[in-house]
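Participant: Below is start05.pdb; it holds PDB, C-alpha atoms.
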ATOM      1  CA  MET A 271      17.703  -9.233  45.864
ATOM      2  CA  ILE A 272      14.824  -6.807  45.410
ATOM      3  CA  GLN A 273      11.486  -7.953  44.046
ATOM      4  CA  THR A 274       8.984  -5.448  42.701
ATOM      5  CA  VAL A 275       5.270  -6.172  43.074
ATOM      6  CA  PRO A 276       2.586  -3.861  41.685
ATOM      7  CA  PHE A 277       0.792  -2.166  44.606
ATOM      8  CA  GLY A 278      -2.671  -3.433  43.623
ATOM      9  CA  LYS A 279      -1.475  -7.053  43.508
ATOM     10  CA  ILE A 280      -0.465  -7.297  47.189
ATOM     11  CA  GLY A 281      -2.956  -9.531  48.998
ATOM     12  CA  THR A 282      -1.240 -10.547  52.223
ATOM     13  CA  VAL A 283       2.215  -9.758  53.525
ATOM     14  CA  VAL A 284       3.931 -12.079  55.998
ATOM     15  CA  ASN A 285       7.331 -11.255  57.464
ATOM     16  CA  PHE A 286       9.337 -14.450  57.940
ATOM     17  CA  SER A 287      12.611 -12.577  58.421
ATOM     18  CA  ARG A 288      12.509 -12.739  62.230
ATOM     19  CA  ASP A 289      14.312 -15.536  64.000
ATOM     20  CA  TYR A 290      11.271 -16.698  65.939
ATOM     21  CA  ILE A 291       7.495 -16.666  66.122
ATOM     22  CA  ILE A 292       5.560 -16.437  69.387
ATOM     23  CA  MET A 293       2.316 -18.396  69.150
ATOM     24  CA  LYS A 294      -0.496 -17.883  71.644
ATOM     25  CA  LEU A 295      -3.249 -20.489  71.933
ATOM     26  CA  ASP A 296      -6.471 -19.663  73.740
ATOM     27  CA  PHE A 297      -8.829 -22.410  74.862
ATOM     28  CA  ARG A 298     -12.020 -22.521  76.899
ATOM     29  CA  VAL A 299     -12.551 -24.654  80.012
ATOM     30  CA  LYS A 300     -15.458 -24.926  82.426
ATOM     31  CA  TYR A 301     -15.516 -22.797  85.569
ATOM     32  CA  ASP A 302     -14.988 -25.771  87.884
ATOM     33  CA  THR A 303     -11.707 -26.746  86.166
ATOM     34  CA  ASP A 304      -8.661 -27.012  88.431
ATOM     35  CA  VAL A 305      -6.272 -24.408  86.977
ATOM     36  CA  ASP A 306      -3.242 -25.943  88.734
ATOM     37  CA  LYS A 307      -4.052 -29.300  87.153
ATOM     38  CA  VAL A 308      -4.139 -27.670  83.701
ATOM     39  CA  ARG A 309      -0.775 -26.010  84.405
ATOM     40  CA  LYS A 310       0.745 -29.389  85.327
ATOM     41  CA  ILE A 311      -0.654 -30.950  82.152
ATOM     42  CA  VAL A 312       0.947 -28.194  80.050
ATOM     43  CA  LYS A 313       4.315 -28.806  81.776
ATOM     44  CA  ARG A 314       4.001 -32.528  81.081
ATOM     45  CA  ILE A 315       3.231 -31.861  77.398
ATOM     46  CA  TYR A 316       6.275 -29.588  77.212
ATOM     47  CA  LYS A 317       8.530 -32.316  78.612
ATOM     48  CA  GLU A 318       7.089 -34.836  76.131
ATOM     49  CA  LEU A 319       7.710 -32.454  73.225
ATOM     50  CA  LEU A 320      11.321 -31.893  74.277
ATOM     51  CA  THR A 321      12.013 -35.639  74.173
ATOM     52  CA  ASP A 322      10.421 -35.983  70.718
ATOM     53  CA  GLU A 323      13.197 -36.184  68.095
ATOM     54  CA  GLU A 324      11.164 -34.458  65.401
ATOM     55  CA  LEU A 325       9.283 -31.803  67.395
ATOM     56  CA  GLY A 326      11.747 -31.024  70.189
ATOM     57  CA  PRO A 327      14.149 -28.990  68.024
ATOM     58  CA  LYS A 328      11.259 -26.900  66.724
ATOM     59  CA  LEU A 329      10.633 -25.391  70.177
ATOM     60  CA  ILE A 330      12.879 -22.405  70.815
ATOM     61  CA  GLY A 331      11.480 -21.477  74.203
ATOM     62  CA  LYS A 332       9.308 -23.091  76.824
ATOM     63  CA  LEU A 333       5.701 -24.085  76.389
ATOM     64  CA  LYS A 334       4.154 -21.842  79.038
ATOM     65  CA  SER A 335       0.730 -21.869  80.599
ATOM     66  CA  GLN A 336      -0.287 -18.266  81.105
ATOM     67  CA  GLY A 337      -3.246 -19.239  83.253
ATOM     68  CA  VAL A 338      -6.698 -17.753  83.063
ATOM     69  CA  ARG A 339      -6.718 -14.922  80.569
ATOM     70  CA  GLU A 340     -10.393 -14.002  80.732
ATOM     71  CA  MET A 341     -13.655 -14.956  82.400
ATOM     72  CA  ASP A 342     -16.323 -15.343  79.740
ATOM     73  CA  ASP A 343     -20.074 -15.788  80.141
ATOM     74  CA  SER A 344     -19.829 -19.561  79.927
ATOM     75  CA  ALA A 345     -16.138 -20.406  80.420
ATOM     76  CA  MET A 346     -12.673 -19.509  81.651
ATOM     77  CA  ILE A 347     -10.400 -18.677  78.747
ATOM     78  CA  MET A 348      -6.875 -19.933  79.319
ATOM     79  CA  ARG A 349      -3.763 -19.330  77.233
ATOM     80  CA  ILE A 350      -0.663 -21.310  76.283
ATOM     81  CA  LYS A 351       2.343 -19.592  74.706
ATOM     82  CA  PHE A 352       5.327 -21.056  72.855
ATOM     83  CA  THR A 353       8.131 -19.931  70.520
ATOM     84  CA  THR A 354       9.209 -21.629  67.282
ATOM     85  CA  PRO A 355      11.201 -20.825  64.151
ATOM     86  CA  PRO A 356       9.123 -19.123  61.430
ATOM     87  CA  GLY A 357       6.828 -21.561  59.614
ATOM     88  CA  GLU A 358       6.968 -24.257  62.301
ATOM     89  CA  GLN A 359       4.310 -22.705  64.557
ATOM     90  CA  PHE A 360       1.442 -24.383  62.694
ATOM     91  CA  VAL A 361       2.842 -27.898  63.101
ATOM     92  CA  MET A 362       3.496 -27.252  66.779
ATOM     93  CA  ARG A 363       0.048 -25.744  67.326
ATOM     94  CA  LYS A 364      -1.606 -28.816  65.824
ATOM     95  CA  GLU A 365       0.469 -31.181  67.956
ATOM     96  CA  ILE A 366       0.020 -29.216  71.178
ATOM     97  CA  LEU A 367      -3.752 -28.991  70.742
ATOM     98  CA  TRP A 368      -3.952 -32.721  70.019
ATOM     99  CA  ARG A 369      -1.880 -33.573  73.115
ATOM    100  CA  LEU A 370      -3.879 -31.135  75.224
ATOM    101  CA  GLN A 371      -7.138 -32.752  74.140
ATOM    102  CA  GLU A 372      -5.802 -36.246  74.908
ATOM    103  CA  ALA A 373      -4.504 -35.186  78.331
ATOM    104  CA  PHE A 374      -7.775 -33.448  79.203
ATOM    105  CA  SER A 375      -9.702 -36.559  78.253
ATOM    106  CA  LYS A 376      -7.516 -38.740  80.511
ATOM    107  CA  ASN A 377      -7.863 -36.283  83.428
ATOM    108  CA  ASN A 378     -11.631 -35.722  83.112
ATOM    109  CA  ILE A 379     -11.265 -32.084  82.139
ATOM    110  CA  ASP A 380     -13.831 -30.792  79.676
ATOM    111  CA  PHE A 381     -13.506 -27.965  77.224
ATOM    112  CA  ALA A 382     -16.306 -25.441  77.651
ATOM    113  CA  HIS A 383     -18.796 -24.893  74.886
ATOM    114  CA  ARG A 384     -20.626 -21.662  74.269
ATOM    115  CA  ASN A 385     -24.126 -21.802  75.655
ATOM    116  CA  VAL A 386     -27.034 -19.571  76.491
ATOM    117  CA  THR A 387     -29.267 -20.177  79.498
ATOM    118  CA  VAL A 388     -32.800 -18.820  79.374
ATOM    119  CA  TYR A 389     -34.784 -18.607  82.600
ATOM    120  CA  MET A 390     -38.554 -18.788  82.220
ATOM    121  CA  PRO A 391     -40.765 -17.230  84.926
ATOM    122  CA  GLN A 392     -42.791 -19.578  87.092
ATOM    123  CA  GLU A 393     -46.556 -19.590  86.641
ATOM    124  CA  ASP A 394     -47.153 -17.728  89.878
ATOM    125  CA  GLU A 395     -44.778 -14.930  88.744
ATOM    126  CA  THR A 396     -46.910 -13.876  85.764
ATOM    127  CA  PRO A 397     -48.473 -10.445  86.171
ATOM    128  CA  LYS A 398     -52.133 -10.546  87.073
ATOM    129  CA  ILE A 399     -54.750  -8.278  85.544
ATOM    130  CA  PRO A 400     -56.611  -6.183  88.110
ATOM    131  CA  GLU A 401     -60.123  -7.350  88.930
ATOM    132  CA  ASN A 402     -61.683  -4.311  87.268
ATOM    133  CA  GLY A 403     -60.206  -5.507  83.935
ATOM    134  CA  ASP A 404     -57.916  -2.470  83.496
ATOM    135  CA  LYS A 405     -54.954  -3.793  81.453
ATOM    136  CA  SER A 406     -53.403  -0.359  80.875
ATOM    137  CA  ARG A 407     -51.265  -0.460  84.013
ATOM    138  CA  LYS A 408     -49.515  -3.691  82.980
ATOM    139  CA  ASP A 409     -49.344  -3.444  79.176
ATOM    140  CA  PRO A 410     -46.094  -1.716  78.041
ATOM    141  CA  LYS A 411     -47.596  -0.809  74.634
ATOM    142  CA  ILE A 412     -50.410   1.116  76.278
ATOM    143  CA  GLN A 413     -47.964   2.752  78.685
ATOM    144  CA  GLY A 414     -45.730   3.787  75.772
ATOM    145  CA  ALA A 415     -48.653   5.217  73.814
ATOM    146  CA  ALA A 416     -49.857   7.154  76.853
ATOM    147  CA  THR A 417     -46.377   8.583  77.443
ATOM    148  CA  ALA A 418     -46.088   9.661  73.803
ATOM    149  CA  ALA A 419     -49.480  11.396  73.979
ATOM    150  CA  ILE A 420     -48.518  13.265  77.153
ATOM    151  CA  LEU A 421     -45.208  14.401  75.662
ATOM    152  CA  ALA A 422     -46.915  15.528  72.463
ATOM    153  CA  GLU A 423     -49.310  17.710  74.486
ATOM    154  CA  GLU A 424     -46.496  19.294  76.474
ATOM    155  CA  GLU A 425     -44.190  20.103  73.521
ATOM    156  CA  PRO A 426     -44.698  23.472  71.805
ATOM    157  CA  THR A 427     -44.826  23.553  67.983
ATOM    158  CA  GLU A 428     -41.807  24.551  65.925
ATOM    159  CA  LEU A 429     -43.079  28.128  65.710
ATOM    160  CA  GLY A 430     -43.184  28.384  69.465
ATOM    161  CA  GLY A 431     -46.971  28.268  69.929
ATOM    162  CA  ASP A 432     -49.077  25.836  71.910
ATOM    163  CA  THR A 433     -50.994  23.238  69.866
ATOM    164  CA  ARG A 434     -54.035  23.150  72.198
TER     165      ARG A 434
END
I'd like the structure from this file rewritten - as structure tokens, please.

Facilitator:
Amino acid sequence: MIQTVPFGKIGTVVNFSRDYIIMKLDFRVKYDTDVDKVRKIVKRIYKELLTDEELGPKLIGKLKSQGVREMDDSAMIMRIKFTTPPGEQFVMRKEILWRLQEAFSKNNIDFAHRNVTVYMPQEDETPKIPENGDKSRKDPKIQGAATAAILAEEEPTELGGDTR
């Protein structure tokens, strides 16, 4: 059966005609996390899902830990991958994330949160003004203004003459 939709009315197109969907879940853990321990937890979750009467048939392939995918500023980003029939990936994602969170809690593994660390200079590291009171050597605004003045003197005008 062919359905005709006006071109301007298409918002989102999803192809559910394939036999399977591969879902990839990224999650963030702290740098001191034992990666092998996470891999064992993922295997345990996979075995639990297979024995579940409702969820087991929805897994086509294995639940695989793909290890550390990326090193971020504040975390290791790990990935889990699994295959389901079309439309079932959202139910499985929800269940896998819930089981992962429970298992991490039981094994004292923390998810990493985004954070920013700001280092403040110590008091003795602050620049000191010379005894003669000349601030021009330390002040970047004065340095920038002096540089601009020097460059302006050295540049010829548009007509090729010197402005001095």

Participant: On this structure, which residues satisfy the PyMOL selection byres ((chain A and resi 328) around 9), written as a list in words?

Facilitator: Glu324, Leu325, Gly326, Pro327, Leu329, Ile330, Thr353, Thr354, Pro355, Glu358, Gln359 and Met362 of chain A

Participant: For Lys294 (chain A), which residue out of A:Lys279, A:Lys334, A:Lys351, A:Arg314 is the nearest one, using all atoms listed in the file?

Facilitator: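 Of A:Lys279, A:Lys334, A:Lys351, A:Arg314, the one nearest Lys294 (chain A) is A:Lys351, counting all atoms listed in the file.
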
Participant: I'd like to know which of A:Gln336, A:Gln273, A:Thr303, A:Gln392 is closest to Phe374 (chain A), using only C-alpha atoms.

Facilitator: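 Going through A:Gln336, A:Gln273, A:Thr303, A:Gln392 one by one, the smallest distance to Phe374 (chain A) is for A:Thr303.
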
Participant: Could you tell me which of A:Ile315, A:Pro356, A:Glu423, A:Asp304 comes closest to Val284 (chain A) if we count only C-alpha atoms?

Facilitator: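 Nearest to Val284 (chain A): A:Pro356.
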
Participant: Which residue, A:Val361, A:Leu421, A:Ile311, A:Ala415, has the smallest gap to Ala373 (chain A) when you use all atoms listed in the file?

Facilitator: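 For Ala373 (chain A), the nearest of the given residues is A:Ile311.
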
Participant: To one decimal place, how far is CA of Gly357 (chain A) from CA of Asp296 (chain A) in Å?

Facilitator: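 Taking CA of Gly357 (chain A) as the start and CA of Asp296 (chain A) as the end point, the length is 19.5 Å.
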
Participant: Determine, counting only C-alpha atoms, which protein, DNA and RNA residues have an atom within 10 Å of an atom of Lys317 (chain A); residues of the same chain fewer than 4 positions away are not included. Present the result as a compact mmCIF listing (two decimals) with C-alpha atoms, in the coordinates of the input.

Facilitator:
# COMPACT_ATOMS: atom_id res chain seq x y z
CA ILE A 311 -0.65 -30.95 82.15
CA VAL A 312 0.95 -28.19 80.05
CA LYS A 313 4.32 -28.81 81.78
CA THR A 321 12.01 -35.64 74.17
CA ASP A 322 10.42 -35.98 70.72
CA GLY A 326 11.75 -31.02 70.19
CA LYS A 332 9.31 -23.09 76.82
CA LEU A 333 5.70 -24.08 76.39

Participant: Separation of CA of Ile379 (chain A) and CA of Leu319 (chain A), in Å?

Facilitator: 21.0 Å

Participant: Work out how far CA of Asp306 (chain A) is from CA of Gly331 (chain A), in Å to one decimal.

Facilitator: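 CA of Asp306 (chain A) lies at a distance of 21.2 Å from CA of Gly331 (chain A).
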
Participant: Restricting the calculation to all atoms listed in the file: of A:Ile420, A:Val386, A:Ile280, A:Val299, which residue gets closest to Met346 (chain A)?

Facilitator: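 Looking only at the distances to Met346 (chain A), the closest residue turns out to be A:Val299.
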
Participant: Rank nothing, just name the residue among A:Arg349, A:Lys376, A:Arg369, A:His383 nearest to Glu318 (chain A), using only C-alpha atoms.

Facilitator: A:Arg369

Participant: Which residues, written as a list in words, have at least one atom at most 9 Å from Ala382 (chain A), with all atoms listed in the file counted and residues fewer than 2 positions away on the same chain left out?

Facilitator: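 Near neighbours after the sequence-gap exclusion: Phe297, Arg298, Val299, Lys300, Tyr301, Ser344, Ala345, Met346, Asp380, Arg384 and Asn385 of chain A.
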
Participant: Could you dump the residues just selected with C-alpha atoms as an mmCIF file, keeping the file's coordinate frame?

Facilitator:
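Result file follows (part06.cif):
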data_model
loop_
_atom_site.group_PDB
_atom_site.id
_atom_site.type_symbol
_atom_site.label_atom_id
_atom_site.label_comp_id
_atom_site.auth_asym_id
_atom_site.auth_seq_id
_atom_site.Cartn_x
_atom_site.Cartn_y
_atom_site.Cartn_z
ATOM 1 C CA PHE A 297 -8.829 -22.410 74.862
ATOM 2 C CA ARG A 298 -12.020 -22.521 76.899
ATOM 3 C CA VAL A 299 -12.551 -24.654 80.012
ATOM 4 C CA LYS A 300 -15.458 -24.926 82.426
ATOM 5 C CA TYR A 301 -15.516 -22.797 85.569
ATOM 6 C CA SER A 344 -19.829 -19.561 79.927
ATOM 7 C CA ALA A 345 -16.138 -20.406 80.420
ATOM 8 C CA MET A 346 -12.673 -19.509 81.651
ATOM 9 C CA ASP A 380 -13.831 -30.792 79.676
ATOM 10 C CA ARG A 384 -20.626 -21.662 74.269
ATOM 11 C CA ASN A 385 -24.126 -21.802 75.655
#
